[in-house]
Amino acid sequence: MVRRAGTTLKDPTMMPLPVPPEALRLGPLKEGAFTSRLHSERVASWLGLLLGVTFTLCMLTGLWSHFVQHPPSWFTVPAHPSWLYRVTQGVHVTTGLAAVPLLLAKLFTVYPKLFEWPPAKNLRHATERGVLLLLVGGSVLQLATGVMNIFQWYAFGFFFTTVHYWSAWVVIGALTVHVGSKIAVARRGLSKQSLVDDPEPVGGGMSRRGFLTTTGVASGAVVLATVGQTVSPLSGLSVLAPRRPGDGPQGLPVNKTARAAGTQVVEGYQLTVVGASGRTPVMLTLADLQGMPQHTVHLPITCVEGWSAGATWTGVRLRDVLALVGSDGHRPTRVASLQARGHYRSSIVTSGHSRDDLTLLALGLNGEQLHADHGYPLRLIAPNRPGVMQTKWVNQVEVL
Amino acid sequence: MSTVEEPPRSRWRWPLYAAGSAMIAFGLWGELFGADTNPLRWAELLVVAALAHDLVLAPVVIALGLVTRRLMPARFRSAVQGAWLVSAVLLLVAVPGLGRFGAKADNSSVLPRDYPTGLAVGVGTVLLVTVLMVLFRRVRQRR
């Protein structure tokens with residue numbers, strides 16, 4: 001599909017568009033307005049490659065998180081390895097943070113391109129630039145709102161999860177188109193030959209290599225300053241992290257408190273277990289639950305916002321509760337909360353999890369009765385699952 | 001940018017254009033018709049994000065670079081620019097913590113750290129490393 005010069009004349013997308021009057025070519029639009037040697041194809045290519053890898057990892061782990069929370073009918077999330085979601089979500093947030101300096105450096109390197117003259121050579125060029133608006137605006141928006149979100153600063157005026165998800169498709173799509181336009185340029189920029197064809201001009205100030213190294217250092221610094229919220233041994237170094245793994249009631253961070261959920265007062269508590277249709281629901285008091293076989297597991301809470309912390313939980317197996325209404329756990333189960341409203345007041349547990357030994361309806365945490373903020377009197381805790389699906393203040397289990 | 005001629009385009013171009021356009025269309029469809037979205041606000045912020053970078057952040061960074069070039073002797077210039085770059089990125093990421101915008105009165109486990117001190121430690125480390133690098137370079141050059 002390589003087009004020769006002769007055929008491009010017939011291509012309407014390559015027909016030259018009118019050039020604006022030269023008198024408008026002012027300031028940064030002038031030839032040679034940008035003098036830094038860092039505005040180079042080689043630097044842009046290297047940063048593009050690094051960003052491509054980071055964005056791809058971030059997209060894949062994000063998609064995984066999306067599928068775990070909204071599984072398509074043909075997909076059952078496995079319960080093991082129990083640490084999987086902890087790792088993938090940690091990678092998601094870490095790559096997003098690491099991409100901040102990479103993106104800024106890349107945009108700086110290609111900044112003169114914003115003032116290209118003429119602004120649109122032909123329709124193809126104009127389309128490519130339109131896609132660049134989606135890519136640049138979308139990338140800055142994804143990273144900015146992503147960082148705001150992990151600090152629980154919800155000032156952007158939309159529901160983060162869904163907008164972030166759809167927006168990610170736009171950005172990755174625009175990135176794919178951009179790679180399509182630039183793959184040949186990038187290949188040239190990454191080649192050894194580019195050092196010969198486009199040697200670095202001499203002068204003071206930062207060299208190209210120095211700039212790439214510094215950007216890498218900035219990326220590493222941002223990661224180190226935050227990653228301790230999920231890699232607890234590094235917590236001491238992570239001076240800017242939004243969370244500290246041991247910090248919270250009973251040594252565990254909290255996302256939604258009992259006060260925020262409106263579940264502070266629990267009187268006359270009963271757990272309702274609803275089986276398949278036709279069966280009488282079973283009601284269990286706290287004493288009934290305490291009288292059942294108790295199990296202790298060590299499982300992390302892994303927040304979608306990128307922090308995680310391990311804890312020891314004690315309670316009854318979900319499997320044992322389901323058996324009381326004759327269910328073997330093959331059917332999906334809804335676990336619902338006393339919490340009256342909210343996106344996350346219930347969650348679905350599928351067979352991989354509900355039949356697993358580690359999936360508990362927990363009554364205790366780290367050797368004590370559950371704190372109200374951790375879901376007293378009863379909460380779900382299961383392996384390889386995001387925190388928003390570890391329903392707290394559980395008062396109903398329903399076989400679907 | 002320094003290289004003028006564009007090389008011949010790759011044969012991967014069209015498959016990548018097709019895949020990319022499909023993903024963009026899927027994402028836009030979701031923003032427009034999906035549950036719990038806000039297409040107008042999203043589009044508005046996307047444009048604001050591009051403008052905020054292109055018309056505010058980038059010019060400020062370039063202006064600071066020019067000031068550094070004017071004020072700093074050549075031998076310190078790259079070190080100062082490097083320290084600038086890393087510190088500015090740390091500052092940017094620290095903004096939500098410094099402002100404590102997401103802090104919750106009933107939940108001390110959100111934003112539990114002292115972020116001004118954290119940023120000071122981060123930037124202090126950057127400056128210390130920069131000074132050590134400059135000294136190391138000078139000692140080596142004198143030998």
# chains A, B, ... in the order shown; residues from 1 in each chain; ligands from 1
>>> residues_around(residues="B:Ser10", least_positions_apart="2", cutoff="12 Å", atoms="only C-alpha atoms", output="JSON, numbers by chain")
{"A": [1, 2, 3, 179, 180, 181, 182, 183, 184, 185, 186, 187, 188], "B": [6, 7, 8, 12, 13, 14, 15, 16, 17]}
>>> residues_around(residues="A:Val43", least_positions_apart="2", cutoff="8 Å", atoms="only C-alpha atoms", output="JSON, numbers by chain")
{"A": [38, 39, 40, 41, 45, 46, 47, 109, 189, 208, 212]}
>>> write_last_selection(atoms="C-alpha atoms", output="short mmCIF file (atom, residue, chain, number, x, y, z; two decimals), in the first residue's frame")
data_model
loop_
_atom_site.label_atom_id
_atom_site.label_comp_id
_atom_site.auth_asym_id
_atom_site.auth_seq_id
_atom_site.Cartn_x
_atom_site.Cartn_y
_atom_site.Cartn_z
CA LEU A 38 15.67 19.44 22.76
CA HIS A 39 12.92 19.90 20.15
CA SER A 40 14.35 16.94 18.27
CA GLU A 41 12.95 13.98 16.42
CA SER A 45 10.79 9.23 19.31
CA TRP A 46 12.31 7.90 22.52
CA LEU A 47 9.70 9.59 24.69
CA THR A 109 9.69 18.26 22.71
CA GLY A 189 14.32 8.87 15.14
CA ARG A 208 19.30 15.54 24.66
CA LEU A 212 15.83 11.99 28.58
#
>>> closest_atom_pairs(of="stretch 50-118 of chain B", to="stretch 34-46 of chain B", cutoff="10 Å", atoms="only C-alpha atoms", output="Markdown table")
| residue | atom | partner | partner_atom | distance |
| --- | --- | --- | --- | --- |
| B:Ala50 | CA | B:Leu46 | CA | 6.4 |
| B:Leu51 | CA | B:Leu46 | CA | 8.7 |
| B:Ala52 | CA | B:Leu46 | CA | 9.8 |
>>> atom_distance(atom1="atom CA of A:Pro332", atom2="atom CA of A:Leu400")
5.6 Å
>>> atom_distance(atom1="atom CA of A:Val274", atom2="atom CA of A:Ala323")
11.0 Å
>>> select_by_dssp(residues="stretch 295-392 of chain A", states="strand (DSSP E or B)", output="ChimeraX atom specification")
/A:295-302,308-317,333-337,346-349,360-365,368-369,379-381
>>> residues_around(residues="B:Val110", least_positions_apart="4", cutoff="10 Å", atoms="only C-alpha atoms", output="MDAnalysis selection string")
(chainID A and resid 150:152 241:244 247:248 253:256) or (chainID B and resid 97 100 102:106)
>>> select_by_dssp(residues="stretch 12-91 of chain A", states="helix (DSSP H, G or I)", output="count of residues only")
46
>>> residues_around(residues="stretch 127-142 of chain B", least_positions_apart="2", cutoff="9 Å", atoms="only C-alpha atoms", output="NGL selection string")
:B and (75-76 or 79-80 or 82-83 or 87 or 122-125)
>>> write_last_selection(atoms="C-alpha atoms", output="CSV table (one decimal), in the first residue's frame")
chain,number,residue,atom,x,y,z
B,75,ARG,CA,28.5,25.2,33.6
B,76,PHE,CA,25.6,25.1,36.1
B,79,ALA,CA,22.1,20.9,36.5
B,80,VAL,CA,19.8,23.7,37.4
B,82,GLY,CA,17.4,19.2,35.7
B,83,ALA,CA,16.6,20.2,39.3
B,87,SER,CA,11.0,19.5,41.3
B,122,GLY,CA,11.4,15.5,47.9
B,123,VAL,CA,12.6,18.8,46.5
B,124,GLY,CA,15.4,19.0,49.2
B,125,THR,CA,16.6,15.5,48.0
>>> atom_distance(atom1="atom CA of A:Leu132", atom2="atom CA of A:Gly90")
28.7 Å
>>> residues_around(residues="B:Thr68", least_positions_apart="2", cutoff="10 Å", atoms="only C-alpha atoms", output="VMD selection string")
(chain A and resid 205) or (chain B and resid 62 to 66 70 to 74 76 to 78 80 to 81 84)
>>> closest_residue(among="B:Val56, B:Ala18, B:Leu32, B:Ile24", to="A:Ile172", atoms="only C-alpha atoms")
B:Ile24
>>> closest_residue(among="B:Leu55, B:Val61, B:Trp29, B:Gly118", to="chain A", atoms="only C-alpha atoms")
B:Gly118
>>> residues_around(residues="A:Arg129", least_positions_apart="4", cutoff="10 Å", atoms="only C-alpha atoms", output="list in words")
Lys113, Leu114, Pro119, Ala120, Leu123, Arg124, His125, Leu133, Leu134, Leu135 and His178 of chain A
>>> residues_around(residues="A:Gly32", least_positions_apart="5", cutoff="12 Å", atoms="only C-alpha atoms", output="PyMOL selection string")
(chain A and resi 25-27+37+39+112-113+115-117) or (chain B and resi 1-2)
>>> write_last_selection(atoms="all heavy atoms", output="mmCIF file, in the first residue's frame")
data_model
loop_
_atom_site.group_PDB
_atom_site.id
_atom_site.type_symbol
_atom_site.label_atom_id
_atom_site.label_comp_id
_atom_site.auth_asym_id
_atom_site.auth_seq_id
_atom_site.Cartn_x
_atom_site.Cartn_y
_atom_site.Cartn_z
ATOM 1 N N ARG A 25 1.752 35.250 10.156
ATOM 2 C CA ARG A 25 2.770 34.361 10.709
ATOM 3 C C ARG A 25 3.633 35.118 11.710
ATOM 4 O O ARG A 25 4.720 35.593 11.395
ATOM 5 C CB ARG A 25 3.617 33.795 9.572
ATOM 6 C CG ARG A 25 4.330 32.562 9.988
ATOM 7 C CD ARG A 25 4.994 31.852 8.853
ATOM 8 N NE ARG A 25 5.649 30.679 9.406
ATOM 9 C CZ ARG A 25 6.466 29.917 8.750
ATOM 10 N NH1 ARG A 25 6.738 30.161 7.487
ATOM 11 N NH2 ARG A 25 7.010 28.873 9.353
ATOM 12 N N LEU A 26 3.117 35.202 12.925
ATOM 13 C CA LEU A 26 3.761 36.018 13.952
ATOM 14 C C LEU A 26 4.221 35.153 15.118
ATOM 15 O O LEU A 26 3.768 34.023 15.283
ATOM 16 C CB LEU A 26 2.768 37.060 14.475
ATOM 17 C CG LEU A 26 2.187 38.023 13.424
ATOM 18 C CD1 LEU A 26 0.978 38.749 13.983
ATOM 19 C CD2 LEU A 26 3.244 38.997 12.950
ATOM 20 N N GLY A 27 5.073 35.727 15.952
ATOM 21 C CA GLY A 27 5.486 35.093 17.209
ATOM 22 C C GLY A 27 5.965 33.670 17.002
ATOM 23 O O GLY A 27 6.853 33.420 16.189
ATOM 24 N N ARG A 37 17.667 22.794 21.442
ATOM 25 C CA ARG A 37 18.018 21.592 20.678
ATOM 26 C C ARG A 37 17.230 20.375 21.151
ATOM 27 O O ARG A 37 17.337 19.300 20.597
ATOM 28 C CB ARG A 37 19.517 21.324 20.805
ATOM 29 C CG ARG A 37 19.965 21.129 22.236
ATOM 30 C CD ARG A 37 21.447 20.897 22.307
ATOM 31 N NE ARG A 37 21.909 20.989 23.684
ATOM 32 C CZ ARG A 37 23.174 20.899 24.044
ATOM 33 N NH1 ARG A 37 24.097 20.710 23.138
ATOM 34 N NH2 ARG A 37 23.528 20.984 25.304
ATOM 35 N N HIS A 39 14.048 20.142 21.063
ATOM 36 C CA HIS A 39 12.923 19.904 20.151
ATOM 37 C C HIS A 39 13.424 19.039 18.996
ATOM 38 O O HIS A 39 13.574 19.507 17.878
ATOM 39 C CB HIS A 39 12.385 21.228 19.602
ATOM 40 C CG HIS A 39 11.935 22.186 20.661
ATOM 41 N ND1 HIS A 39 10.966 21.866 21.586
ATOM 42 C CD2 HIS A 39 12.303 23.448 20.946
ATOM 43 C CE1 HIS A 39 10.774 22.901 22.390
ATOM 44 N NE2 HIS A 39 11.576 23.868 22.033
ATOM 45 N N PRO A 112 6.938 22.931 19.191
ATOM 46 C CA PRO A 112 6.983 23.762 17.973
ATOM 47 C C PRO A 112 6.013 23.279 16.889
ATOM 48 O O PRO A 112 5.540 24.086 16.087
ATOM 49 C CB PRO A 112 8.433 23.619 17.492
ATOM 50 C CG PRO A 112 9.203 23.273 18.717
ATOM 51 C CD PRO A 112 8.288 22.443 19.548
ATOM 52 N N LYS A 113 5.701 21.989 16.884
ATOM 53 C CA LYS A 113 4.775 21.436 15.889
ATOM 54 C C LYS A 113 3.383 22.056 15.994
ATOM 55 O O LYS A 113 2.629 22.070 15.032
ATOM 56 C CB LYS A 113 4.646 19.924 16.092
ATOM 57 C CG LYS A 113 5.837 19.155 15.583
ATOM 58 C CD LYS A 113 5.565 18.742 14.166
ATOM 59 C CE LYS A 113 6.542 17.695 13.702
ATOM 60 N NZ LYS A 113 6.317 17.433 12.270
ATOM 61 N N PHE A 115 2.798 25.024 16.180
ATOM 62 C CA PHE A 115 2.808 26.280 15.422
ATOM 63 C C PHE A 115 3.288 26.071 13.991
ATOM 64 O O PHE A 115 3.811 26.979 13.363
ATOM 65 C CB PHE A 115 3.679 27.301 16.166
ATOM 66 C CG PHE A 115 3.233 27.503 17.587
ATOM 67 C CD1 PHE A 115 3.874 26.864 18.639
ATOM 68 C CD2 PHE A 115 2.121 28.284 17.874
ATOM 69 C CE1 PHE A 115 3.443 27.032 19.947
ATOM 70 C CE2 PHE A 115 1.694 28.456 19.182
ATOM 71 C CZ PHE A 115 2.349 27.821 20.225
ATOM 72 N N GLU A 116 3.102 24.858 13.508
ATOM 73 C CA GLU A 116 3.463 24.516 12.132
ATOM 74 C C GLU A 116 2.849 25.497 11.138
ATOM 75 O O GLU A 116 1.721 25.973 11.344
ATOM 76 C CB GLU A 116 2.856 23.139 11.826
ATOM 77 C CG GLU A 116 3.843 22.039 11.643
ATOM 78 C CD GLU A 116 3.103 20.745 11.329
ATOM 79 O OE1 GLU A 116 2.083 20.444 12.001
ATOM 80 O OE2 GLU A 116 3.530 20.057 10.415
ATOM 81 N N TRP A 117 3.549 25.734 10.041
ATOM 82 C CA TRP A 117 3.022 26.624 9.005
ATOM 83 C C TRP A 117 3.140 25.946 7.649
ATOM 84 O O TRP A 117 4.204 25.443 7.319
ATOM 85 C CB TRP A 117 3.785 27.953 9.010
ATOM 86 C CG TRP A 117 3.074 28.985 8.204
ATOM 87 C CD1 TRP A 117 3.276 29.277 6.872
ATOM 88 C CD2 TRP A 117 2.039 29.864 8.648
ATOM 89 N NE1 TRP A 117 2.444 30.255 6.460
ATOM 90 C CE2 TRP A 117 1.661 30.662 7.528
ATOM 91 C CE3 TRP A 117 1.388 30.058 9.868
ATOM 92 C CZ2 TRP A 117 0.655 31.618 7.603
ATOM 93 C CZ3 TRP A 117 0.406 31.012 9.937
ATOM 94 C CH2 TRP A 117 0.040 31.786 8.817
ATOM 95 N N MET B 1 11.100 21.358 14.741
ATOM 96 C CA MET B 1 11.824 20.081 14.731
ATOM 97 C C MET B 1 12.901 20.144 13.666
ATOM 98 O O MET B 1 12.780 20.848 12.675
ATOM 99 C CB MET B 1 10.880 18.910 14.427
ATOM 100 C CG MET B 1 9.670 18.863 15.338
ATOM 101 S SD MET B 1 10.033 18.334 16.987
ATOM 102 C CE MET B 1 10.128 16.572 16.719
ATOM 103 N N SER B 2 13.926 19.344 13.872
ATOM 104 C CA SER B 2 15.114 19.558 13.074
ATOM 105 C C SER B 2 15.061 18.904 11.689
ATOM 106 O O SER B 2 15.613 19.441 10.750
ATOM 107 C CB SER B 2 16.320 19.029 13.855
ATOM 108 O OG SER B 2 15.924 17.960 14.673
#
>>> closest_residue(among="A:Trp169, A:Phe55, A:Trp83, A:Trp307", to="chain B", atoms="only C-alpha atoms")
A:Trp169
>>> closest_residue(among="A:Val147, A:Ala23, A:Leu365, A:Leu50", to="chain B", atoms="only C-alpha atoms")
A:Val147
>>> decode(residues="stretch 33-65 of chain B", atoms="N, CA and C atoms", output="tab-separated table (two decimals), in the first residue's frame")
chain	number	residue	atom	x	y	z
B	33	PHE	N	-23.56	7.84	24.82
B	33	PHE	CA	-24.77	7.06	25.10
B	33	PHE	C	-24.64	6.11	26.30
B	34	GLY	N	-23.45	6.00	26.88
B	34	GLY	CA	-23.27	5.09	28.01
B	34	GLY	C	-23.96	5.60	29.27
B	35	ALA	N	-24.12	4.71	30.26
B	35	ALA	CA	-24.71	5.11	31.53
B	35	ALA	C	-23.68	5.92	32.34
B	36	ASP	N	-24.16	6.83	33.18
B	36	ASP	CA	-23.31	7.59	34.10
B	36	ASP	C	-22.19	8.35	33.40
B	37	THR	N	-22.48	8.94	32.23
B	37	THR	CA	-21.46	9.76	31.60
B	37	THR	C	-21.95	11.20	31.53
B	38	ASN	N	-21.09	12.08	31.07
B	38	ASN	CA	-21.42	13.50	30.98
B	38	ASN	C	-20.65	14.05	29.78
B	39	PRO	N	-21.15	13.77	28.55
B	39	PRO	CA	-20.37	14.06	27.35
B	39	PRO	C	-19.97	15.52	27.20
B	40	LEU	N	-20.87	16.44	27.57
B	40	LEU	CA	-20.53	17.85	27.39
B	40	LEU	C	-19.38	18.27	28.29
B	41	ARG	N	-19.50	17.87	29.57
B	41	ARG	CA	-18.46	18.21	30.53
B	41	ARG	C	-17.13	17.57	30.14
B	42	TRP	N	-17.22	16.33	29.66
B	42	TRP	CA	-15.99	15.63	29.23
B	42	TRP	C	-15.33	16.36	28.08
B	43	ALA	N	-16.13	16.71	27.05
B	43	ALA	CA	-15.57	17.39	25.88
B	43	ALA	C	-14.99	18.74	26.28
B	44	GLU	N	-15.71	19.44	27.15
B	44	GLU	CA	-15.25	20.74	27.62
B	44	GLU	C	-13.88	20.62	28.31
B	45	LEU	N	-13.79	19.64	29.23
B	45	LEU	CA	-12.54	19.49	29.98
B	45	LEU	C	-11.40	19.01	29.09
B	46	LEU	N	-11.73	18.23	28.05
B	46	LEU	CA	-10.68	17.76	27.13
B	46	LEU	C	-10.04	18.96	26.43
B	47	VAL	N	-10.88	19.89	25.97
B	47	VAL	CA	-10.36	21.07	25.29
B	47	VAL	C	-9.61	21.95	26.30
B	48	VAL	N	-10.20	22.11	27.51
B	48	VAL	CA	-9.53	22.90	28.55
B	48	VAL	C	-8.16	22.30	28.88
B	49	ALA	N	-8.08	20.97	28.95
B	49	ALA	CA	-6.81	20.32	29.26
B	49	ALA	C	-5.77	20.63	28.19
B	50	ALA	N	-6.17	20.54	26.91
B	50	ALA	CA	-5.23	20.83	25.83
B	50	ALA	C	-4.79	22.30	25.88
B	51	LEU	N	-5.75	23.20	26.09
B	51	LEU	CA	-5.40	24.63	26.14
B	51	LEU	C	-4.55	24.94	27.36
B	52	ALA	N	-4.88	24.34	28.50
B	52	ALA	CA	-4.12	24.61	29.72
B	52	ALA	C	-2.67	24.21	29.52
B	53	HIS	N	-2.44	23.10	28.83
B	53	HIS	CA	-1.05	22.73	28.56
B	53	HIS	C	-0.42	23.68	27.54
B	54	ASP	N	-1.11	23.84	26.40
B	54	ASP	CA	-0.48	24.53	25.27
B	54	ASP	C	-0.32	26.03	25.50
B	55	LEU	N	-1.27	26.64	26.22
B	55	LEU	CA	-1.24	28.10	26.36
B	55	LEU	C	-0.77	28.57	27.73
B	56	VAL	N	-0.73	27.67	28.72
B	56	VAL	CA	-0.30	28.10	30.05
B	56	VAL	C	0.97	27.36	30.47
B	57	LEU	N	0.85	26.04	30.64
B	57	LEU	CA	1.97	25.29	31.22
B	57	LEU	C	3.23	25.36	30.35
B	58	ALA	N	3.08	25.05	29.05
B	58	ALA	CA	4.26	25.03	28.18
B	58	ALA	C	4.94	26.40	28.09
B	59	PRO	N	4.17	27.50	27.84
B	59	PRO	CA	4.85	28.81	27.81
B	59	PRO	C	5.56	29.15	29.12
B	60	VAL	N	4.94	28.80	30.27
B	60	VAL	CA	5.59	29.09	31.55
B	60	VAL	C	6.91	28.34	31.66
B	61	VAL	N	6.88	27.05	31.28
B	61	VAL	CA	8.11	26.25	31.36
B	61	VAL	C	9.18	26.82	30.44
B	62	ILE	N	8.78	27.22	29.23
B	62	ILE	CA	9.75	27.77	28.27
B	62	ILE	C	10.30	29.09	28.79
B	63	ALA	N	9.44	29.93	29.38
B	63	ALA	CA	9.90	31.20	29.94
B	63	ALA	C	10.91	30.95	31.07
B	64	LEU	N	10.61	29.98	31.94
B	64	LEU	CA	11.54	29.67	33.02
B	64	LEU	C	12.87	29.18	32.47
B	65	GLY	N	12.78	28.40	31.39
B	65	GLY	CA	13.99	27.91	30.74
B	65	GLY	C	14.83	29.06	30.22
